[in-house]
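What follows is target_34.cif (mmCIF, C-alpha atoms and all ligand atoms).
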data_protein
loop_
_atom_site.label_atom_id
_atom_site.label_comp_id
_atom_site.auth_asym_id
_atom_site.auth_seq_id
_atom_site.Cartn_x
_atom_site.Cartn_y
_atom_site.Cartn_z
CA MET J 1 -47.46 7.29 -29.47
CA LYS J 2 -46.16 5.66 -32.63
CA LYS J 3 -42.97 7.07 -34.04
CA LYS J 4 -43.91 7.30 -37.69
CA ASN J 5 -40.88 5.91 -39.13
CA SER J 6 -38.70 8.28 -39.49
CA ASN J 7 -35.21 7.16 -39.97
CA ILE J 8 -34.32 4.74 -42.62
CA LYS J 9 -31.31 3.92 -40.56
CA ALA J 10 -31.79 2.14 -37.28
CA MET J 11 -29.18 1.84 -34.57
CA ALA J 12 -28.46 -1.18 -32.46
CA LEU J 13 -26.43 -1.76 -29.36
CA ILE J 14 -24.89 -5.20 -29.55
CA ASP J 15 -23.46 -6.54 -26.33
CA ALA J 16 -21.88 -9.90 -25.51
CA ASN J 17 -23.39 -11.65 -22.50
CA ASN J 18 -21.05 -12.42 -19.58
CA PHE J 19 -18.19 -11.75 -21.96
CA TYR J 20 -15.14 -12.94 -19.96
CA ALA J 21 -16.92 -16.06 -18.72
CA SER J 22 -18.28 -16.78 -22.22
CA CYS J 23 -14.76 -16.53 -23.72
CA GLU J 24 -13.51 -19.07 -21.17
CA GLN J 25 -16.45 -21.39 -21.84
CA SER J 26 -15.91 -21.01 -25.56
CA ILE J 27 -12.33 -22.39 -25.48
CA ASN J 28 -13.09 -25.03 -22.87
CA PRO J 29 -16.29 -26.99 -23.50
CA TYR J 30 -16.04 -28.63 -20.06
CA LEU J 31 -16.94 -25.27 -18.56
CA ARG J 32 -20.17 -24.80 -20.56
CA ASN J 33 -23.27 -24.54 -18.41
CA LYS J 34 -21.10 -24.69 -15.28
CA PRO J 35 -20.60 -22.00 -12.65
CA ILE J 36 -17.32 -20.17 -13.27
CA VAL J 37 -15.82 -16.95 -11.95
CA ILE J 38 -12.94 -14.83 -13.22
CA LEU J 39 -10.54 -13.03 -10.89
CA SER J 40 -8.95 -9.60 -11.31
CA ASN J 41 -5.20 -9.06 -11.73
CA ASN J 42 -3.17 -10.88 -9.10
CA ASP J 43 -6.19 -13.06 -8.42
CA GLY J 44 -7.56 -10.33 -6.14
CA CYS J 45 -11.34 -10.31 -6.46
CA ILE J 46 -14.18 -11.63 -8.57
CA ILE J 47 -14.75 -9.54 -11.71
CA ALA J 48 -16.93 -11.78 -13.88
CA ARG J 49 -19.37 -14.64 -13.40
CA SER J 50 -21.15 -17.08 -15.65
CA PRO J 51 -24.98 -17.07 -15.30
CA GLU J 52 -24.69 -20.34 -13.37
CA ALA J 53 -22.42 -18.60 -10.84
CA ARG J 54 -24.85 -15.68 -10.55
CA ILE J 55 -27.61 -18.08 -9.62
CA LEU J 56 -25.42 -19.29 -6.74
CA LYS J 57 -25.43 -15.65 -5.51
CA ILE J 58 -21.70 -15.19 -5.85
CA LYS J 59 -21.07 -11.48 -5.56
CA MET J 60 -19.30 -9.26 -8.06
CA GLY J 61 -16.19 -7.59 -6.62
CA ALA J 62 -15.93 -9.96 -3.64
CA PRO J 63 -12.32 -10.59 -2.50
CA TYR J 64 -11.22 -14.05 -3.58
CA PHE J 65 -9.58 -15.07 -0.31
CA LYS J 66 -12.88 -14.54 1.50
CA GLU J 67 -14.91 -16.59 -1.00
CA LYS J 68 -12.36 -19.31 -1.71
CA GLU J 69 -13.80 -21.92 0.60
CA ARG J 70 -17.39 -21.36 -0.44
CA LEU J 71 -16.51 -21.46 -4.13
CA ASN J 72 -14.73 -24.73 -3.53
CA LYS J 73 -17.73 -26.22 -1.75
CA LEU J 74 -20.08 -25.12 -4.51
CA ASN J 75 -17.78 -26.60 -7.14
CA VAL J 76 -17.27 -23.31 -8.93
CA THR J 77 -14.36 -23.15 -11.38
CA VAL J 78 -12.09 -20.20 -10.61
CA LEU J 79 -9.94 -18.64 -13.35
CA SER J 80 -7.37 -15.85 -13.48
CA SER J 81 -8.18 -13.13 -16.00
CA ASN J 82 -6.77 -13.94 -19.42
CA TYR J 83 -6.77 -10.58 -21.17
CA SER J 84 -5.01 -11.80 -24.30
CA LEU J 85 -7.90 -14.23 -24.81
CA TYR J 86 -10.60 -11.61 -24.17
CA GLY J 87 -8.84 -9.03 -26.37
CA ASP J 88 -8.51 -11.49 -29.22
CA MET J 89 -12.11 -12.68 -28.95
CA SER J 90 -13.25 -9.05 -28.91
CA LYS J 91 -11.31 -8.33 -32.09
CA ARG J 92 -12.89 -11.38 -33.76
CA LEU J 93 -16.35 -10.38 -32.58
CA MET J 94 -16.07 -6.83 -33.93
CA ASN J 95 -14.65 -8.03 -37.25
CA LEU J 96 -17.53 -10.47 -37.71
CA LEU J 97 -20.10 -7.81 -36.80
CA ARG J 98 -18.76 -5.58 -39.59
CA ASN J 99 -20.32 -8.02 -42.09
CA TYR J 100 -23.75 -7.22 -40.72
CA CYS J 101 -23.88 -3.46 -40.47
CA GLU J 102 -23.27 -0.20 -42.26
CA GLU J 103 -21.19 1.46 -39.56
CA ILE J 104 -19.77 0.25 -36.28
CA GLU J 105 -18.52 2.08 -33.20
CA ILE J 106 -16.62 -0.16 -30.81
CA TYR J 107 -17.80 1.08 -27.45
CA SER J 108 -16.03 -1.31 -25.10
CA ILE J 109 -14.38 -4.73 -25.16
CA ASP J 110 -17.77 -6.42 -25.56
CA GLU J 111 -20.13 -3.70 -26.80
CA ALA J 112 -20.65 -1.95 -30.12
CA PHE J 113 -23.11 0.54 -31.55
CA VAL J 114 -23.96 -0.25 -35.16
CA SER J 115 -26.15 1.33 -37.78
CA ILE J 116 -28.26 -0.75 -40.15
CA ASN J 117 -30.58 0.13 -43.02
CA ARG J 118 -34.24 -0.26 -42.31
CA PRO J 119 -36.61 0.38 -45.18
CA ASN J 120 -39.92 1.69 -43.81
CA GLU J 121 -41.73 -0.76 -41.52
CA LYS J 122 -39.22 -3.50 -42.22
CA ASN J 123 -38.77 -6.00 -39.49
CA LEU J 124 -35.23 -6.18 -38.10
CA TYR J 125 -35.81 -9.27 -35.95
CA PRO J 126 -34.68 -11.71 -38.69
CA TRP J 127 -31.47 -9.65 -39.07
CA ALA J 128 -30.84 -9.71 -35.32
CA ARG J 129 -31.50 -13.45 -35.11
CA GLU J 130 -29.03 -14.07 -37.90
CA VAL J 131 -26.34 -11.97 -36.21
CA ARG J 132 -26.84 -13.83 -32.94
CA SER J 133 -26.64 -17.27 -34.47
CA PHE J 134 -23.68 -16.35 -36.70
CA ILE J 135 -21.67 -15.09 -33.72
CA TYR J 136 -22.66 -18.07 -31.61
CA GLN J 137 -21.60 -20.46 -34.35
CA ASN J 138 -18.27 -18.74 -34.86
CA LEU J 139 -17.28 -17.73 -31.35
CA GLY J 140 -19.60 -19.58 -28.97
CA ILE J 141 -20.69 -16.23 -27.52
CA THR J 142 -24.30 -15.16 -26.93
CA LEU J 143 -25.32 -11.60 -27.77
CA THR J 144 -28.01 -9.22 -26.63
CA ILE J 145 -29.24 -6.86 -29.36
CA GLY J 146 -31.21 -3.71 -28.62
CA ILE J 147 -32.59 -1.80 -31.60
CA GLY J 148 -33.75 1.81 -31.55
CA GLU J 149 -33.79 4.99 -33.59
CA ASN J 150 -30.67 6.30 -31.88
CA LYS J 151 -27.97 5.42 -29.37
CA VAL J 152 -29.93 6.29 -26.22
CA ARG J 153 -32.95 4.21 -27.25
CA ALA J 154 -30.79 1.35 -28.60
CA LYS J 155 -29.16 1.19 -25.18
CA ILE J 156 -32.59 1.14 -23.50
CA ALA J 157 -33.77 -1.57 -25.91
CA ASN J 158 -30.71 -3.62 -24.99
CA LYS J 159 -31.62 -3.38 -21.29
CA LEU J 160 -35.19 -4.42 -22.08
CA ALA J 161 -33.93 -7.37 -24.14
CA LYS J 162 -32.00 -8.49 -21.04
CA ASN J 163 -34.90 -7.95 -18.64
CA ILE J 164 -37.66 -9.55 -20.68
CA ASP J 165 -37.30 -13.32 -20.68
CA SER J 166 -39.43 -13.86 -23.75
CA SER J 167 -37.32 -11.47 -25.86
CA ALA J 168 -34.71 -14.16 -26.66
CA GLY J 169 -32.00 -11.53 -26.46
CA ILE J 170 -33.51 -9.15 -29.04
CA PHE J 171 -35.69 -6.09 -28.53
CA ASP J 172 -36.72 -3.49 -31.10
CA ILE J 173 -38.25 -0.50 -29.32
CA VAL J 174 -39.17 1.21 -32.60
CA ARG J 175 -41.80 -1.44 -33.33
CA ILE J 176 -43.58 -0.87 -30.04
CA GLU J 177 -46.86 0.97 -30.49
CA ASP J 178 -46.90 2.51 -27.02
CA ASP J 179 -43.51 2.50 -25.34
CA ASN J 180 -44.53 4.32 -22.13
CA ASN J 181 -44.69 1.20 -20.01
CA TYR J 182 -41.34 -0.01 -21.30
CA LEU J 183 -39.65 3.31 -20.63
CA LYS J 184 -41.09 3.27 -17.11
CA GLU J 185 -39.19 0.06 -16.47
CA ILE J 186 -35.83 1.75 -17.02
CA SER J 187 -34.75 3.58 -13.91
CA VAL J 188 -33.31 6.99 -14.64
CA ASP J 189 -29.78 6.16 -13.51
CA LYS J 190 -29.68 3.40 -16.14
CA VAL J 191 -30.27 5.83 -19.01
CA TRP J 192 -27.13 6.22 -21.09
CA GLY J 193 -25.39 9.49 -20.24
CA ILE J 194 -26.94 9.95 -16.81
CA GLY J 195 -24.31 9.90 -14.08
CA LYS J 196 -24.80 9.49 -10.37
CA GLN J 197 -25.02 13.21 -9.60
CA THR J 198 -27.53 13.93 -12.33
CA SER J 199 -29.67 10.98 -11.34
CA ASN J 200 -29.75 12.19 -7.74
CA TRP J 201 -30.80 15.65 -8.91
CA LEU J 202 -33.48 14.14 -11.17
CA LYS J 203 -34.84 12.09 -8.29
CA THR J 204 -35.27 15.24 -6.20
CA LYS J 205 -37.36 16.54 -9.12
CA GLY J 206 -39.48 13.40 -8.99
CA VAL J 207 -38.00 11.96 -12.18
CA LYS J 208 -37.42 8.27 -11.53
CA ASN J 209 -37.50 6.57 -14.91
CA ALA J 210 -36.80 7.05 -18.62
CA LYS J 211 -40.41 7.99 -19.41
CA GLU J 212 -40.44 10.77 -16.81
CA LEU J 213 -37.06 11.97 -18.10
CA ARG J 214 -38.43 12.12 -21.66
CA ASP J 215 -41.40 14.15 -20.45
CA ILE J 216 -39.48 16.52 -18.16
CA HIS J 217 -39.91 20.22 -18.88
CA GLU J 218 -37.29 21.12 -21.46
CA GLY J 219 -36.24 24.39 -19.84
CA GLU J 220 -35.50 22.61 -16.59
CA ILE J 221 -33.21 19.96 -18.05
CA VAL J 222 -31.47 22.44 -20.33
CA LYS J 223 -30.83 24.74 -17.37
CA LYS J 224 -29.18 21.89 -15.50
CA LEU J 225 -27.36 19.97 -18.24
CA GLY J 226 -27.21 22.39 -21.16
CA ILE J 227 -27.10 20.97 -24.65
CA VAL J 228 -26.45 17.47 -23.29
CA GLY J 229 -29.82 17.56 -21.55
CA LYS J 230 -31.61 18.75 -24.66
CA ARG J 231 -29.97 16.01 -26.73
CA LEU J 232 -30.92 13.37 -24.21
CA LYS J 233 -34.57 14.43 -24.18
CA LEU J 234 -34.67 14.48 -27.98
CA GLU J 235 -33.10 11.03 -28.25
CA LEU J 236 -35.56 9.63 -25.72
CA LYS J 237 -38.33 10.95 -27.97
CA GLY J 238 -36.81 9.13 -30.95
CA ASN J 239 -34.77 11.83 -32.72
CA LYS J 240 -31.23 11.05 -33.73
CA CYS J 241 -28.62 13.41 -32.32
CA LEU J 242 -25.46 11.38 -31.78
CA PRO J 243 -23.80 9.77 -34.80
CA ILE J 244 -21.89 6.50 -34.86
CA GLU J 245 -18.23 7.35 -34.39
CA GLU J 246 -16.17 4.83 -36.28
CA THR J 247 -12.83 6.40 -35.35
CA LYS J 248 -12.17 7.22 -31.76
CA ASN J 249 -10.41 10.39 -30.67
CA PRO J 250 -6.72 9.64 -30.38
CA LYS J 251 -5.44 8.72 -26.95
CA LYS J 252 -3.86 11.34 -24.69
CA GLU J 253 -1.58 8.86 -22.94
CA ILE J 254 -0.80 5.17 -22.81
CA GLN J 255 -0.29 3.50 -19.47
CA VAL J 256 0.89 0.03 -18.55
CA SER J 257 0.96 -0.71 -14.84
CA ARG J 258 0.56 -3.79 -12.67
CA SER J 259 0.63 -4.87 -9.05
CA PHE J 260 3.38 -7.29 -8.11
CA SER J 261 2.67 -10.72 -6.66
CA LYS J 262 5.29 -10.01 -3.93
CA PRO J 263 6.56 -6.57 -2.92
CA ILE J 264 9.78 -5.46 -4.62
CA THR J 265 12.73 -4.19 -2.62
CA LYS J 266 15.61 -4.52 -5.10
CA LEU J 267 16.38 -1.89 -7.72
CA GLU J 268 17.07 -4.49 -10.42
CA ASP J 269 13.60 -5.96 -9.97
CA LEU J 270 11.96 -2.55 -10.21
CA THR J 271 13.98 -1.73 -13.35
CA GLN J 272 13.05 -5.05 -14.90
CA ALA J 273 9.34 -4.60 -14.18
CA LEU J 274 9.35 -1.06 -15.59
CA ALA J 275 11.28 -2.23 -18.65
CA ILE J 276 8.73 -4.95 -19.37
CA TYR J 277 5.85 -2.48 -19.03
CA ALA J 278 7.69 0.00 -21.27
CA ILE J 279 8.19 -2.64 -24.00
CA ARG J 280 4.44 -3.28 -23.94
CA ALA J 281 3.53 0.43 -23.86
CA ALA J 282 5.87 1.22 -26.77
CA ALA J 283 4.36 -1.55 -28.90
CA LYS J 284 0.86 -0.30 -28.07
CA MET J 285 1.90 3.20 -29.02
CA ARG J 286 3.30 2.06 -32.38
CA SER J 287 0.14 0.10 -33.14
CA GLN J 288 -1.71 3.43 -33.01
CA ASN J 289 0.94 5.33 -34.99
CA LEU J 290 1.88 7.48 -32.03
CA LYS J 291 5.12 8.77 -30.56
CA SER J 292 5.71 10.08 -27.06
CA SER J 293 7.76 13.05 -25.92
CA THR J 294 7.24 12.58 -22.16
CA ILE J 295 8.06 9.28 -20.55
CA ARG J 296 6.95 8.84 -16.97
CA VAL J 297 7.42 6.05 -14.43
CA PHE J 298 5.92 5.59 -10.98
CA ALA J 299 6.09 3.14 -8.09
CA ARG J 300 4.20 2.92 -4.83
CA THR J 301 3.72 0.87 -1.71
CA SER J 302 0.49 -0.97 -0.99
CA HIS J 303 -2.55 1.06 0.12
CA TYR J 304 -2.64 -1.17 3.20
CA SER J 305 0.96 -0.52 4.18
CA ASN J 306 1.69 1.55 7.31
CA ARG J 307 4.54 3.35 5.63
CA ASN J 308 3.31 4.96 2.49
CA TYR J 309 5.60 5.85 -0.35
CA ARG J 310 4.86 7.01 -3.86
CA ARG J 311 7.27 8.50 -6.37
CA SER J 312 7.12 9.35 -9.99
CA ALA J 313 9.70 10.73 -12.37
CA CYS J 314 9.63 11.79 -15.98
CA LYS J 315 11.84 12.69 -18.86
CA LYS J 316 10.82 15.17 -21.51
CA LEU J 317 12.35 14.52 -24.89
CA ILE J 318 13.37 17.01 -27.54
CA ASN J 319 12.28 14.59 -30.25
CA ALA J 320 9.25 12.36 -29.70
CA THR J 321 10.06 8.66 -30.01
CA ASP J 322 8.44 5.27 -30.41
CA ASN J 323 11.70 3.32 -30.39
CA THR J 324 11.74 0.76 -27.58
CA SER J 325 15.55 0.76 -27.22
CA THR J 326 15.62 4.55 -26.76
CA ILE J 327 12.75 4.33 -24.28
CA LEU J 328 14.42 1.55 -22.29
CA LYS J 329 17.58 3.63 -21.73
CA ILE J 330 15.38 6.36 -20.25
CA ILE J 331 13.44 3.87 -18.12
CA VAL J 332 16.65 2.46 -16.60
CA ALA J 333 17.72 5.98 -15.56
CA LEU J 334 14.26 6.94 -14.26
CA SER J 335 13.89 3.78 -12.18
CA LYS J 336 16.92 4.85 -10.12
CA GLU J 337 15.20 8.16 -9.41
CA ILE J 338 12.10 6.60 -7.91
CA TYR J 339 13.73 3.68 -6.14
CA ASN J 340 14.02 3.77 -2.38
CA PRO J 341 15.46 0.69 -0.62
CA GLU J 342 13.51 1.44 2.55
CA TYR J 343 10.12 0.69 1.10
CA LYS J 344 8.41 -2.44 -0.14
CA LEU J 345 6.95 -1.49 -3.50
CA SER J 346 3.75 -3.19 -4.53
CA LYS J 347 2.88 -1.53 -7.82
CA ALA J 348 4.67 0.28 -10.61
CA GLY J 349 3.85 1.61 -14.03
CA VAL J 350 4.99 3.38 -17.16
CA LEU J 351 3.17 6.19 -18.96
CA MET J 352 3.77 7.44 -22.47
CA GLN J 353 2.57 11.04 -22.48
CA ASP J 354 2.46 14.01 -24.90
CA LEU J 355 1.54 11.70 -27.72
CA THR J 356 1.72 12.89 -31.29
CA ASN J 357 0.74 11.19 -34.49
CA CYS J 358 3.72 9.91 -36.51
CA LYS J 359 2.26 11.61 -39.58
CA TYR J 360 2.83 15.04 -38.08
CA PHE J 361 6.16 14.21 -36.50
CA GLN J 362 8.46 17.21 -36.31
CA GLN J 363 12.06 17.05 -35.24
CA SER J 364 14.02 19.67 -33.38
CA LEU J 365 15.96 22.02 -35.66
CA ILE J 366 19.16 21.58 -33.72
CA ASN J 367 19.08 18.11 -32.19
CA TYR J 368 17.72 15.89 -34.86
CA GLU J 369 18.19 12.34 -36.05
CA SER J 370 19.30 11.85 -39.64
CA GLN J 371 16.75 10.48 -42.09
CA GLU J 372 18.85 7.35 -42.31
CA GLU J 373 18.79 6.77 -38.56
CA LEU J 374 15.06 7.37 -38.46
CA LYS J 375 14.43 4.93 -41.27
CA LYS J 376 16.57 2.29 -39.57
CA SER J 377 14.61 2.73 -36.34
CA ILE J 378 11.25 2.47 -38.13
CA ASN J 379 12.32 -0.66 -40.02
CA LEU J 380 13.60 -2.36 -36.89
CA MET J 381 10.48 -1.61 -34.83
CA THR J 382 8.13 -2.58 -37.67
CA THR J 383 9.93 -5.90 -38.08
CA ILE J 384 9.77 -6.64 -34.36
CA ASP J 385 6.05 -5.79 -34.22
CA LEU J 386 5.32 -7.90 -37.29
CA LEU J 387 7.10 -10.93 -35.86
CA ASN J 388 5.46 -10.54 -32.46
CA ASN J 389 2.00 -10.15 -33.98
CA ARG J 390 2.52 -13.13 -36.25
CA PHE J 391 4.01 -15.58 -33.74
CA ASN J 392 3.45 -14.47 -30.19
CA ASN J 393 4.12 -11.44 -28.14
CA LYS J 394 7.47 -12.59 -26.90
CA ALA J 395 8.97 -13.91 -30.16
CA ILE J 396 11.45 -11.01 -30.14
CA THR J 397 12.16 -9.11 -27.00
CA TRP J 398 14.89 -7.38 -25.01
CA ALA J 399 17.35 -9.32 -22.83
CA ILE J 400 16.19 -7.57 -19.64
CA THR J 401 12.90 -9.48 -19.74
CA LYS J 402 14.59 -12.86 -19.73
CA LYS J 403 15.78 -12.92 -16.11
CA THR J 404 13.38 -14.72 -13.75
CA GLN J 405 10.53 -12.47 -12.68
CA GLU J 406 9.85 -13.27 -9.07
CA TRP J 407 7.51 -10.32 -8.76
CA ALA J 408 5.32 -11.22 -11.75
CA MET J 409 1.55 -11.15 -11.36
CA ASN J 410 -0.15 -14.09 -9.73
CA ARG J 411 -2.24 -15.86 -12.30
CA ASN J 412 -2.46 -19.24 -10.76
CA SER J 413 -5.48 -20.42 -12.68
CA LEU J 414 -4.88 -19.01 -16.13
CA SER J 415 -6.69 -20.64 -19.05
CA LYS J 416 -4.82 -21.45 -22.25
CA ALA J 417 -4.09 -18.98 -25.02
CA SER J 418 -6.04 -21.16 -27.44
CA THR J 419 -6.92 -18.39 -29.85
CA THR J 420 -3.59 -16.58 -30.00
CA ASN J 421 -0.96 -19.32 -29.69
CA ILE J 422 -0.92 -22.18 -32.17
CA LYS J 423 0.75 -24.47 -29.63
CA LYS J 424 -2.19 -24.05 -27.27
CA ILE J 425 -4.85 -24.97 -29.77
CA PRO J 426 -7.26 -27.57 -28.34
CA ILE J 427 -6.48 -31.16 -29.32
CA ILE J 428 -9.14 -33.82 -29.84
CA VAL J 429 -8.05 -37.23 -28.61
CA ILE J 430 -9.98 -40.11 -30.17
MG MG C 501 -21.58 -7.52 -21.70
#
As a first step, turn the structure in this file into structure tokens.
Ligand SMILES: [Mg+2]
Amino acid sequence: MKKKNSNIKAMALIDANNFYASCEQSINPYLRNKPIVILSNNDGCIIARSPEARILKIKMGAPYFKEKERLNKLNVTVLSSNYSLYGDMSKRLMNLLRNYCEEIEIYSIDEAFVSINRPNEKNLYPWAREVRSFIYQNLGITLTIGIGENKVRAKIANKLAKNIDSSAGIFDIVRIEDDNNYLKEISVDKVWGIGKQTSNWLKTKGVKNAKELRDIHEGEIVKKLGIVGKRLKLELKGNKCLPIEETKNPKKEIQVSRSFSKPITKLEDLTQALAIYAIRAAAKMRSQNLKSSTIRVFARTSHYSNRNYRRSACKKLINATDNTSTILKIIVALSKEIYNPEYKLSKAGVLMQDLTNCKYFQQSLINYESQEELKKSINLMTTIDLLNNRFNNKAITWAITKKTQEWAMNRNSLSKASTTNIKKIPIIVI
């Protein structure tokens, strides 16, 4: 069945291939076309692989200590995760993509839904090829582009682009005369919006792939999934139900937490770790124009420990704040509440909760800060953020972070911050 075209606007799901590995290969040409793997925080397990590493059948999620010897034998380069690199490359990617579309919804660190104009019957392959080569030229990253009438079908087209070797990373499902055989290739649990439970239920109904889901009796799917089911069926047929959402719903909370490289037993180490996380969380909060009125900390022992311990404590504030100095005073007090010298703590974190937008900030009638104090606080924090964004994250910080951090995360094989630190920029030696 040909979808008689329909929407002038097409949607595409653009996704970077092997994103973390590609970022590493992009800043280090020696790694191109070589097998590499990236490890999770604390160098725990394998969370990303280059295609060359996939061919060697190195498994996703495998614990590093178990694979270490084999990786060594196979000459696989092992890297710690470098989130400042991936975050920066993602920002660059999304900014470049903006030049090529009408609207963009950043869906994850390496995925975006975009909308593009398509005059009737116009071929979008030249557009997609241009986007791919532009991004490759600028960032050294390869993209997969799936084009459809809507989000659900763009996502399916993206899967097909990955599965079909001859697609060269681009697939436009709208231009397919009869899409039944293509939809049959997509198993139902791979359809966007279908979770594990729903896919199990669908399988009991004999619905195994996207085509069968499109053709399911409407009453049945609506009874089970309500409006979501109806929308899904309509999108599979080619109607557009879900718009591109350029602005995300504001966050409910901001969390910064990490595992330690060695368990912590001293209060001053716990306080220092929480302070460092709080400095990061407060900066994150300010970058989204938010303030918090509940500050929470937690610490726990390892899941593998025989003696389990987990504590959290929080402080509710009369006036919401985004001022790091104010937050740090609270963190120091809260860390004493959760500390217990009898346990070896392996992870801790800070949460900024009850977030409100600075625009709608209301002070308490009785306990309020003067306008002058507020202005001073805003100016100071803005200046610190500006300097840290311009130079590097630690240009200006609080004294508590400067003491040696024996507990800091293991990142033994971290790549350079070539895209965010001018001192780490690659040098060509002739
Ligand atoms: Mg990807």
TODO: Set the cut-off to 8 Å, count all atoms listed in the file, and list whatever residues fall near ligand MG 501 (chain C) as a ChimeraX atom specification.
DONE: /J:15-19,110-111
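Checking J:Leu317, J:Leu85, J:Ala282, J:Met409 one by one against Gln25 of chain J, counting all atoms listed in the file, you find the shortest gap at J:Leu85.
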Task: Residues near Ala161 of chain J, cut-off 8 Å, all atoms listed in the file, skip fewer than 5 positions along chain, as a PyMOL selection string - done: chain J and resi 144-146+167-171
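Take atom CA of Glu268 of chain J and atom CA of Ser346 of chain J: the distance between them is 14.6 Å.
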Asp385 of chain J surroundings by all atoms listed in the file, 12 Å radius, close-in-sequence under 2 positions cut, as a compact mmCIF listing (two decimals) with C-alpha atoms, in the coordinates of the input:
# COMPACT_ATOMS: atom_id res chain seq x y z
CA ILE J 279 8.19 -2.64 -24.00
CA ARG J 280 4.44 -3.28 -23.94
CA ALA J 282 5.87 1.22 -26.77
CA ALA J 283 4.36 -1.55 -28.90
CA LYS J 284 0.86 -0.30 -28.07
CA MET J 285 1.90 3.20 -29.02
CA ARG J 286 3.30 2.06 -32.38
CA SER J 287 0.14 0.10 -33.14
CA ASP J 322 8.44 5.27 -30.41
CA ASN J 323 11.70 3.32 -30.39
CA THR J 324 11.74 0.76 -27.58
CA ILE J 378 11.25 2.47 -38.13
CA ASN J 379 12.32 -0.66 -40.02
CA LEU J 380 13.60 -2.36 -36.89
CA MET J 381 10.48 -1.61 -34.83
CA THR J 382 8.13 -2.58 -37.67
CA THR J 383 9.93 -5.90 -38.08
CA LEU J 387 7.10 -10.93 -35.86
CA ASN J 388 5.46 -10.54 -32.46
CA ASN J 389 2.00 -10.15 -33.98
CA ARG J 390 2.52 -13.13 -36.25
CA PHE J 391 4.01 -15.58 -33.74
CA ASN J 392 3.45 -14.47 -30.19
CA ASN J 393 4.12 -11.44 -28.14
CA LYS J 394 7.47 -12.59 -26.90
CA ALA J 395 8.97 -13.91 -30.16
CA ILE J 396 11.45 -11.01 -30.14
CA THR J 397 12.16 -9.11 -27.00
Task: Separation of atom CA of Ile264 of chain J from atom CA of Tyr277 of chain J in Å - done: 15.2 Å
Please identify all polymer residues within 10 Å of segment 222-229 of chain J, counting only C-alpha atoms, omitting same-chain residues fewer than 4 positions from it, and present them as an mmCIF file with C-alpha atoms, in the coordinates of the input.
data_model
loop_
_atom_site.group_PDB
_atom_site.id
_atom_site.type_symbol
_atom_site.label_atom_id
_atom_site.label_comp_id
_atom_site.auth_asym_id
_atom_site.auth_seq_id
_atom_site.Cartn_x
_atom_site.Cartn_y
_atom_site.Cartn_z
ATOM 1 C CA GLY J 193 -25.390 9.490 -20.240
ATOM 2 C CA ILE J 194 -26.940 9.950 -16.810
ATOM 3 C CA THR J 198 -27.530 13.930 -12.330
ATOM 4 C CA TRP J 201 -30.800 15.650 -8.910
ATOM 5 C CA LEU J 202 -33.480 14.140 -11.170
ATOM 6 C CA LEU J 213 -37.060 11.970 -18.100
ATOM 7 C CA HIS J 217 -39.910 20.220 -18.880
ATOM 8 C CA GLU J 218 -37.290 21.120 -21.460
ATOM 9 C CA LYS J 233 -34.570 14.430 -24.180
ATOM 10 C CA LEU J 234 -34.670 14.480 -27.980
ATOM 11 C CA GLU J 235 -33.100 11.030 -28.250
#
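Among J:Leu74, J:Gln362, J:Pro51, J:Leu13, the residue with the shortest atom-to-atom distance to Leu160 of chain J, counting only C-alpha atoms, is J:Leu13.
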Task: Coordinates-based distance that separates atom CA of Leu31 of chain J from atom CA of Lys424 of chain J (Å, one decimal) - done: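 That distance, rounded to one decimal, is 17.2 Å.
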Could you add whatever atoms are missing so that segment 299-307 of chain J carries N, CA and C atoms, then write the result as an mmCIF file, keeping the file's coordinate frame?
data_model
loop_
_atom_site.group_PDB
_atom_site.id
_atom_site.type_symbol
_atom_site.label_atom_id
_atom_site.label_comp_id
_atom_site.auth_asym_id
_atom_site.auth_seq_id
_atom_site.Cartn_x
_atom_site.Cartn_y
_atom_site.Cartn_z
ATOM 1 N N ALA J 299 6.123 4.346 -8.932
ATOM 2 C CA ALA J 299 6.090 3.140 -8.090
ATOM 3 C C ALA J 299 5.472 3.542 -6.771
ATOM 4 N N ARG J 300 4.778 2.585 -6.135
ATOM 5 C CA ARG J 300 4.200 2.920 -4.830
ATOM 6 C C ARG J 300 4.111 1.684 -3.943
ATOM 7 N N THR J 301 3.939 1.958 -2.658
ATOM 8 C CA THR J 301 3.720 0.870 -1.710
ATOM 9 C C THR J 301 2.235 0.511 -1.727
ATOM 10 N N SER J 302 1.888 -0.547 -1.031
ATOM 11 C CA SER J 302 0.490 -0.970 -0.990
ATOM 12 C C SER J 302 -0.354 0.048 -0.226
ATOM 13 N N HIS J 303 -1.653 0.146 -0.601
ATOM 14 C CA HIS J 303 -2.550 1.060 0.120
ATOM 15 C C HIS J 303 -2.709 0.634 1.580
ATOM 16 N N TYR J 304 -2.446 -0.640 1.840
ATOM 17 C CA TYR J 304 -2.640 -1.170 3.200
ATOM 18 C C TYR J 304 -1.387 -1.039 4.055
ATOM 19 N N SER J 305 -0.292 -0.574 3.433
ATOM 20 C CA SER J 305 0.960 -0.520 4.180
ATOM 21 C C SER J 305 0.944 0.647 5.178
ATOM 22 N N ASN J 306 1.645 0.475 6.311
ATOM 23 C CA ASN J 306 1.690 1.550 7.310
ATOM 24 C C ASN J 306 2.595 2.686 6.860
ATOM 25 N N ARG J 307 3.593 2.321 6.076
ATOM 26 C CA ARG J 307 4.540 3.350 5.630
ATOM 27 C C ARG J 307 4.322 3.596 4.146
#
